[in-house]
Amino acid sequence: MTPAIDLRGVSVRFMSDRAEVTALEDVSFTLEAGSFLSLLGPSGCGKSTLLRLVADIVAPSAGTVRVLGHAPDIARRQREIGFVFQDASLLPWCNVIDNVRLPLQVGGQLRGVKPRHSAEELLALVGLAGWEKALPHELSGGMRQRVSIARALLVGPKILLMDEPFGALDEITRDRLNDELLRVWRETQTTILFVTHSIHEAAYLGQKVLMLAARPGRVRELVTIDLPEPRALAVRDTQAFGAIAARLRAVLETC
Amino acid sequence: MASGIGLAKISLAQSETPDRRAKWLAARRRAAWARFGLPLVGAATLLILWWAVIYLFKVKPFIAPAPEVVAQTLIAKFDVLASNLLPTAIEAVCGFLVGNIAAIVIATLFVHRKMLELAFFPLVVLFNSVPVVAKAPILVLLLGNGMAPKIAIAAVVCFFPTLVNMVRGLEAVSPQSMELMHVLSASRWEIFIRLRLPTSVPYLFSALKIAASTAVVGAIVGEWIGSQEGIGALIIQATYNFDSALLYATVVCGSVFSVAFFLAVRLAERLCVRWIPKGA
Ligand SMILES: Nc1ncnc2c1ncn2[C@@H]1O[C@H](COP(=O)(O)OP(=O)(O)OP(=O)(O)O)[C@@H](O)[C@H]1O
Ligand SMILES: [Mg+2]
């Protein structure tokens, strides 16, 4: 079976006036279809750049990126990729349902094709049934983020890239959304690549955690999280979870 | 005992709530009064001052008229004023449309073809730095004596602020929204229609509100240079005839139209831009 994401010796360098910044250096890893990978690392280690590589927003300076066995631009044009940004990036002049439908209105390919889940179903899936007509500024930060998740899921992507989607939320909301995300992941069987700064979030969500070191950004360690599936919040109070978190923290301190 | 305390608390809360609500309502009434009443007080003060100066210093009627004389003129010469306001209004509105549409189109070109912006934006800035009163005679020479030169002048004065704001607005999209559109494989046209254009609307309206008054100024300046009718022509006529009452009445007419035009644009803004929360 072709892996969902396959990176071989990938480097990304950005040119600027002052210097050449190496965002990623010789990164290689493979992600099987249907898995959930957390990306953890200090600020500036290239986590966002890695997601952008997969989404065909930046191109590698060296190495190869394969997404579902294709070049990233093909996967992008075939609508295999959903991206959830750190701020929800909703269109402020469109109401909730129109924001969720945006992927059907641009990009051509999908015009006339009926998506697997309707926008209404997806809103219900993220717990926002009844909010279709609200404008983004009438929603809380957590609700906006859920709208953007529904939008990313509309085209039924095989890969969901999430860049610190819950970074700006309070802990309770974040916990609830973590559980909703796991539920969505199980129901849709999407491959998820999830960037976070939080050790607990990384360990709770991911089947594996890819740890990156900074300056230059490179793979530090790929940690498999051995926790019973399906996960529930109570697992975070167990000793096993504590041990995993401690281990991640220890690695993170040397990144 | 405990229930007694509870009761006392409840009655206290009850006596407090209507009181606070009444205070809040009173404060709101005062604010509303201040919002609408104080400008009227300001205007009335000015009128009284005007009147006092005219009568105390015995200002001659051909130098400056008393307010009630202006009011009488407004009524007595209503048809003259109205028939002169009409061409000015047509010129201002047409100029407004032409100038702003041109600005929107050119801003769109600039945003999509950076080379064009680099080549022509400095020229636009240069052209804009020439005062209207200097540009106006040139346009009159070029376009003759009809409405065309006045429309052109009104268009020219609207053009620049709208161009600048529109370019800013079209480029005000967040990098993240652009990345979103890229991930969705949106075409340039789709990005323009769905992202850039809506983003620019608030910027556009702040320019249009300025343009609404400058278009009227442009039309009047155009009429000064050579015209038999219009608010500008009437101003010149009244001045030469030392008919200060007619002059003031004409100015009042022009201002009322200008304010109405501005308010119409603001109403359009309120209807179009509903997504920006109040106070933001
Ligand atoms: N477009 C760009 N141009 C120049 N340098 C860039 C660009 N994007 C990223 N970088 C640089 O690449 C490095 C990695 O950036 P990236 O945004 O991927 O980090 P990150 O791990 O997502 O950080 P954070 O956790 O703070 O979001 C940084 O040093 C950054 O300055
Ligand atoms: Mg980042």
# chains A, B, ... in the order shown; residues from 1 in each chain; ligands from 1
$ residues_near_ligand --ligand "ligand 2" --cutoff "7 Å" --atoms "only C-alpha atoms and all ligand atoms" --output "VMD selection string"
chain A and resid 44 46 to 48 163
$ residues_near_ligand --ligand "ligand 1" --cutoff "8 Å" --atoms "only C-alpha atoms and all ligand atoms" --output "PyMOL selection string"
chain A and resi 13-16+21-24+41-50+163-164+196-197+214-215+217
$ interface_residues --of "chain B" --to "chain A" --cutoff "7 Å" --atoms "only C-alpha atoms" --output "list in words"
Gln176, Ser177, Glu179, Val183, Leu184, Ser185, Ala186, Ser187, Glu190, Trp275 and Pro277 of chain B
$ write_last_selection --atoms "all heavy atoms" --output "PDB file, in the first residue's frame"
ATOM      1  N   GLN B 176      -2.202  33.855   5.169  1.00  0.00           N
ATOM      2  CA  GLN B 176      -2.810  32.561   5.468  1.00  0.00           C
ATOM      3  C   GLN B 176      -4.034  32.291   4.574  1.00  0.00           C
ATOM      4  O   GLN B 176      -4.231  31.172   4.112  1.00  0.00           O
ATOM      5  CB  GLN B 176      -3.216  32.505   6.930  1.00  0.00           C
ATOM      6  CG  GLN B 176      -3.137  31.102   7.469  1.00  0.00           C
ATOM      7  CD  GLN B 176      -2.821  31.076   8.955  1.00  0.00           C
ATOM      8  OE1 GLN B 176      -3.691  31.173   9.797  1.00  0.00           O
ATOM      9  NE2 GLN B 176      -1.546  30.977   9.274  1.00  0.00           N
ATOM     10  N   SER B 177      -4.836  33.349   4.314  1.00  0.00           N
ATOM     11  CA  SER B 177      -5.971  33.160   3.407  1.00  0.00           C
ATOM     12  C   SER B 177      -5.478  32.801   2.010  1.00  0.00           C
ATOM     13  O   SER B 177      -6.100  32.007   1.309  1.00  0.00           O
ATOM     14  CB  SER B 177      -6.816  34.427   3.321  1.00  0.00           C
ATOM     15  OG  SER B 177      -7.109  34.898   4.593  1.00  0.00           O
ATOM     16  N   GLU B 179      -2.738  31.184   1.351  1.00  0.00           N
ATOM     17  CA  GLU B 179      -2.317  29.782   1.402  1.00  0.00           C
ATOM     18  C   GLU B 179      -3.527  28.863   1.356  1.00  0.00           C
ATOM     19  O   GLU B 179      -3.507  27.818   0.698  1.00  0.00           O
ATOM     20  CB  GLU B 179      -1.488  29.526   2.673  1.00  0.00           C
ATOM     21  CG  GLU B 179      -0.115  30.164   2.597  1.00  0.00           C
ATOM     22  CD  GLU B 179       0.780  29.803   3.773  1.00  0.00           C
ATOM     23  OE1 GLU B 179       0.328  29.052   4.660  1.00  0.00           O
ATOM     24  OE2 GLU B 179       1.924  30.281   3.795  1.00  0.00           O
ATOM     25  N   VAL B 183      -4.136  25.949  -1.344  1.00  0.00           N
ATOM     26  CA  VAL B 183      -4.409  24.541  -1.028  1.00  0.00           C
ATOM     27  C   VAL B 183      -5.689  24.087  -1.725  1.00  0.00           C
ATOM     28  O   VAL B 183      -5.812  22.938  -2.145  1.00  0.00           O
ATOM     29  CB  VAL B 183      -4.499  24.337   0.502  1.00  0.00           C
ATOM     30  CG1 VAL B 183      -4.982  22.933   0.830  1.00  0.00           C
ATOM     31  CG2 VAL B 183      -3.149  24.578   1.151  1.00  0.00           C
ATOM     32  N   LEU B 184      -6.652  25.008  -1.857  1.00  0.00           N
ATOM     33  CA  LEU B 184      -7.905  24.662  -2.533  1.00  0.00           C
ATOM     34  C   LEU B 184      -7.775  24.754  -4.056  1.00  0.00           C
ATOM     35  O   LEU B 184      -8.761  24.610  -4.768  1.00  0.00           O
ATOM     36  CB  LEU B 184      -9.027  25.588  -2.056  1.00  0.00           C
ATOM     37  CG  LEU B 184      -9.383  25.503  -0.565  1.00  0.00           C
ATOM     38  CD1 LEU B 184     -10.432  26.534  -0.205  1.00  0.00           C
ATOM     39  CD2 LEU B 184      -9.866  24.106  -0.212  1.00  0.00           C
ATOM     40  N   SER B 185      -6.556  25.026  -4.541  1.00  0.00           N
ATOM     41  CA  SER B 185      -6.293  25.152  -5.980  1.00  0.00           C
ATOM     42  C   SER B 185      -7.168  26.200  -6.655  1.00  0.00           C
ATOM     43  O   SER B 185      -7.621  26.019  -7.798  1.00  0.00           O
ATOM     44  CB  SER B 185      -6.476  23.802  -6.696  1.00  0.00           C
ATOM     45  OG  SER B 185      -5.639  22.844  -6.132  1.00  0.00           O
ATOM     46  N   ALA B 186      -7.439  27.297  -5.956  1.00  0.00           N
ATOM     47  CA  ALA B 186      -8.259  28.362  -6.535  1.00  0.00           C
ATOM     48  C   ALA B 186      -7.478  29.076  -7.638  1.00  0.00           C
ATOM     49  O   ALA B 186      -6.272  29.255  -7.542  1.00  0.00           O
ATOM     50  CB  ALA B 186      -8.653  29.362  -5.453  1.00  0.00           C
ATOM     51  N   SER B 187      -8.183  29.466  -8.702  1.00  0.00           N
ATOM     52  CA  SER B 187      -7.540  30.211  -9.784  1.00  0.00           C
ATOM     53  C   SER B 187      -7.370  31.668  -9.361  1.00  0.00           C
ATOM     54  O   SER B 187      -7.961  32.117  -8.372  1.00  0.00           O
ATOM     55  CB  SER B 187      -8.395  30.142 -11.047  1.00  0.00           C
ATOM     56  OG  SER B 187      -9.630  30.801 -10.806  1.00  0.00           O
ATOM     57  N   GLU B 190     -10.693  33.308  -9.171  1.00  0.00           N
ATOM     58  CA  GLU B 190     -11.447  32.934  -7.964  1.00  0.00           C
ATOM     59  C   GLU B 190     -10.888  33.637  -6.731  1.00  0.00           C
ATOM     60  O   GLU B 190     -11.639  34.082  -5.866  1.00  0.00           O
ATOM     61  CB  GLU B 190     -11.422  31.415  -7.769  1.00  0.00           C
ATOM     62  CG  GLU B 190     -12.337  30.698  -8.750  1.00  0.00           C
ATOM     63  CD  GLU B 190     -12.076  29.205  -8.828  1.00  0.00           C
ATOM     64  OE1 GLU B 190     -10.988  28.747  -8.408  1.00  0.00           O
ATOM     65  OE2 GLU B 190     -12.957  28.486  -9.311  1.00  0.00           O
ATOM     66  N   TRP B 275     -20.080  42.514   7.963  1.00  0.00           N
ATOM     67  CA  TRP B 275     -19.320  41.476   8.655  1.00  0.00           C
ATOM     68  C   TRP B 275     -18.332  42.047   9.654  1.00  0.00           C
ATOM     69  O   TRP B 275     -17.681  41.307  10.364  1.00  0.00           O
ATOM     70  CB  TRP B 275     -18.597  40.590   7.652  1.00  0.00           C
ATOM     71  CG  TRP B 275     -17.559  41.288   6.839  1.00  0.00           C
ATOM     72  CD1 TRP B 275     -16.261  41.522   7.200  1.00  0.00           C
ATOM     73  CD2 TRP B 275     -17.712  41.830   5.531  1.00  0.00           C
ATOM     74  NE1 TRP B 275     -15.608  42.174   6.201  1.00  0.00           N
ATOM     75  CE2 TRP B 275     -16.465  42.377   5.169  1.00  0.00           C
ATOM     76  CE3 TRP B 275     -18.773  41.906   4.630  1.00  0.00           C
ATOM     77  CZ2 TRP B 275     -16.257  42.995   3.935  1.00  0.00           C
ATOM     78  CZ3 TRP B 275     -18.558  42.517   3.420  1.00  0.00           C
ATOM     79  CH2 TRP B 275     -17.316  43.049   3.076  1.00  0.00           C
ATOM     80  N   PRO B 277     -17.619  43.636  13.020  1.00  0.00           N
ATOM     81  CA  PRO B 277     -18.361  43.879  14.248  1.00  0.00           C
ATOM     82  C   PRO B 277     -18.291  45.339  14.646  1.00  0.00           C
ATOM     83  O   PRO B 277     -17.313  46.024  14.368  1.00  0.00           O
ATOM     84  CB  PRO B 277     -17.648  42.993  15.275  1.00  0.00           C
ATOM     85  CG  PRO B 277     -16.335  42.659  14.672  1.00  0.00           C
ATOM     86  CD  PRO B 277     -16.503  42.717  13.202  1.00  0.00           C
TER      87      PRO B 277
END
$ select_by_dssp --residues "region 59-231 of chain B" --states "helix (DSSP H, G or I)" --output "ChimeraX atom specification"
/B:67-76,78-112,114-129,132-143,148-170,175-183,188-225,231
$ atom_distance --atom1 "CA of Leu154 (chain A)" --atom2 "CA of Met178 (chain B)"
18.8 Å
$ select_by_dssp --residues "region 30-228 of chain A" --states "strand (DSSP E or B)" --output "VMD selection string"
chain A and resid 30 to 31 36 to 40 62 to 67 70 81 to 84 159 to 163 191 to 196 208 to 213 218 to 224
$ residues_around --residues "Arg176 (chain A)" --least-positions-apart "5" --cutoff "12 Å" --atoms "only C-alpha atoms" --output "PyMOL selection string"
chain A and resi 126-127+142-143+146+166+169-171+181-183+201+232-233
$ residues_around --residues "region 100-106 of chain B" --least-positions-apart "2" --cutoff "10 Å" --atoms "only C-alpha atoms" --output "NGL selection string"
:B and (94-98 or 108-112 or 116-117 or 155-167 or 170 or 204 or 207-208 or 211)
$ residues_around --residues "Thr64 (chain A)" --least-positions-apart "4" --cutoff "7 Å" --atoms "only C-alpha atoms" --output "number ranges by chain"
A: 7-10
$ decode --residues "region 251-266 of chain B" --atoms "all heavy atoms" --output "tab-separated table (two decimals), in the first residue's frame"
chain	number	residue	atom	x	y	z
B	251	VAL	N	-24.50	78.36	-1.77
B	251	VAL	CA	-23.54	77.56	-1.01
B	251	VAL	C	-24.28	76.55	-0.14
B	251	VAL	O	-23.90	75.38	-0.07
B	251	VAL	CB	-22.63	78.47	-0.17
B	251	VAL	CG1	-21.80	77.64	0.80
B	251	VAL	CG2	-21.72	79.30	-1.07
B	252	VAL	N	-25.36	77.00	0.48
B	252	VAL	CA	-26.14	76.09	1.32
B	252	VAL	C	-26.66	74.92	0.48
B	252	VAL	O	-26.56	73.75	0.87
B	252	VAL	CB	-27.31	76.83	2.00
B	252	VAL	CG1	-28.28	75.83	2.64
B	252	VAL	CG2	-26.78	77.78	3.06
B	253	CYS	N	-27.18	75.24	-0.71
B	253	CYS	CA	-27.69	74.19	-1.60
B	253	CYS	C	-26.60	73.18	-1.93
B	253	CYS	O	-26.82	71.96	-1.85
B	253	CYS	CB	-28.18	74.80	-2.92
B	253	CYS	SG	-29.89	75.24	-2.85
B	254	GLY	N	-25.45	73.69	-2.33
B	254	GLY	CA	-24.33	72.79	-2.67
B	254	GLY	C	-23.96	71.91	-1.49
B	254	GLY	O	-23.76	70.70	-1.64
B	255	SER	N	-23.91	72.49	-0.30
B	255	SER	CA	-23.52	71.72	0.89
B	255	SER	C	-24.54	70.64	1.21
B	255	SER	O	-24.18	69.52	1.54
B	255	SER	CB	-23.38	72.62	2.11
B	255	SER	OG	-22.66	73.76	1.78
B	256	VAL	N	-25.82	71.03	1.11
B	256	VAL	CA	-26.86	70.05	1.42
B	256	VAL	C	-26.74	68.86	0.47
B	256	VAL	O	-26.80	67.70	0.90
B	256	VAL	CB	-28.27	70.69	1.33
B	256	VAL	CG1	-29.35	69.61	1.33
B	256	VAL	CG2	-28.47	71.64	2.50
B	257	PHE	N	-26.51	69.16	-0.81
B	257	PHE	CA	-26.38	68.06	-1.77
B	257	PHE	C	-25.17	67.19	-1.42
B	257	PHE	O	-25.23	65.96	-1.42
B	257	PHE	CB	-26.25	68.59	-3.19
B	257	PHE	CG	-25.93	67.50	-4.18
B	257	PHE	CD1	-26.90	66.55	-4.49
B	257	PHE	CD2	-24.67	67.39	-4.75
B	257	PHE	CE1	-26.61	65.52	-5.36
B	257	PHE	CE2	-24.38	66.37	-5.63
B	257	PHE	CZ	-25.34	65.44	-5.93
B	258	SER	N	-24.07	67.86	-1.10
B	258	SER	CA	-22.83	67.15	-0.78
B	258	SER	C	-23.03	66.22	0.42
B	258	SER	O	-22.61	65.06	0.40
B	258	SER	CB	-21.75	68.20	-0.49
B	258	SER	OG	-20.53	67.61	-0.33
B	259	VAL	N	-23.69	66.74	1.45
B	259	VAL	CA	-23.94	65.93	2.65
B	259	VAL	C	-24.86	64.76	2.32
B	259	VAL	O	-24.62	63.62	2.74
B	259	VAL	CB	-24.55	66.80	3.78
B	259	VAL	CG1	-25.05	65.91	4.91
B	259	VAL	CG2	-23.51	67.77	4.30
B	260	ALA	N	-25.89	65.02	1.50
B	260	ALA	CA	-26.82	63.94	1.13
B	260	ALA	C	-26.09	62.85	0.35
B	260	ALA	O	-26.31	61.65	0.58
B	260	ALA	CB	-27.96	64.51	0.29
B	261	PHE	N	-25.20	63.27	-0.53
B	261	PHE	CA	-24.42	62.32	-1.32
B	261	PHE	C	-23.57	61.46	-0.39
B	261	PHE	O	-23.54	60.22	-0.50
B	261	PHE	CB	-23.54	63.11	-2.30
B	261	PHE	CG	-22.98	62.31	-3.44
B	261	PHE	CD1	-23.33	60.98	-3.63
B	261	PHE	CD2	-22.09	62.90	-4.34
B	261	PHE	CE1	-22.80	60.25	-4.69
B	261	PHE	CE2	-21.56	62.18	-5.39
B	261	PHE	CZ	-21.91	60.86	-5.56
B	262	PHE	N	-22.90	62.13	0.54
B	262	PHE	CA	-22.07	61.40	1.52
B	262	PHE	C	-22.91	60.39	2.29
B	262	PHE	O	-22.52	59.23	2.46
B	262	PHE	CB	-21.43	62.41	2.48
B	262	PHE	CG	-20.72	61.76	3.64
B	262	PHE	CD1	-19.41	61.32	3.51
B	262	PHE	CD2	-21.36	61.61	4.86
B	262	PHE	CE1	-18.76	60.72	4.58
B	262	PHE	CE2	-20.72	61.00	5.93
B	262	PHE	CZ	-19.42	60.56	5.79
B	263	LEU	N	-24.08	60.84	2.76
B	263	LEU	CA	-24.93	59.94	3.55
B	263	LEU	C	-25.40	58.75	2.72
B	263	LEU	O	-25.51	57.63	3.24
B	263	LEU	CB	-26.13	60.71	4.13
B	263	LEU	CG	-25.77	61.70	5.24
B	263	LEU	CD1	-27.01	62.45	5.69
B	263	LEU	CD2	-25.10	61.01	6.42
B	264	ALA	N	-25.66	58.98	1.44
B	264	ALA	CA	-26.08	57.87	0.58
B	264	ALA	C	-24.96	56.83	0.48
B	264	ALA	O	-25.21	55.62	0.56
B	264	ALA	CB	-26.44	58.40	-0.81
B	265	VAL	N	-23.72	57.32	0.33
B	265	VAL	CA	-22.60	56.38	0.24
B	265	VAL	C	-22.46	55.62	1.57
B	265	VAL	O	-22.21	54.42	1.61
B	265	VAL	CB	-21.29	57.11	-0.11
B	265	VAL	CG1	-20.11	56.17	-0.04
B	265	VAL	CG2	-21.38	57.72	-1.49
B	266	ARG	N	-22.65	56.37	2.68
B	266	ARG	CA	-22.52	55.70	3.97
B	266	ARG	C	-23.61	54.65	4.17
B	266	ARG	O	-23.36	53.59	4.74
B	266	ARG	CB	-22.55	56.72	5.11
B	266	ARG	CG	-21.82	56.18	6.32
B	266	ARG	CD	-21.74	57.16	7.44
B	266	ARG	NE	-23.04	57.42	8.01
B	266	ARG	CZ	-23.23	58.00	9.18
B	266	ARG	NH1	-22.18	58.40	9.88
B	266	ARG	NH2	-24.42	58.20	9.64
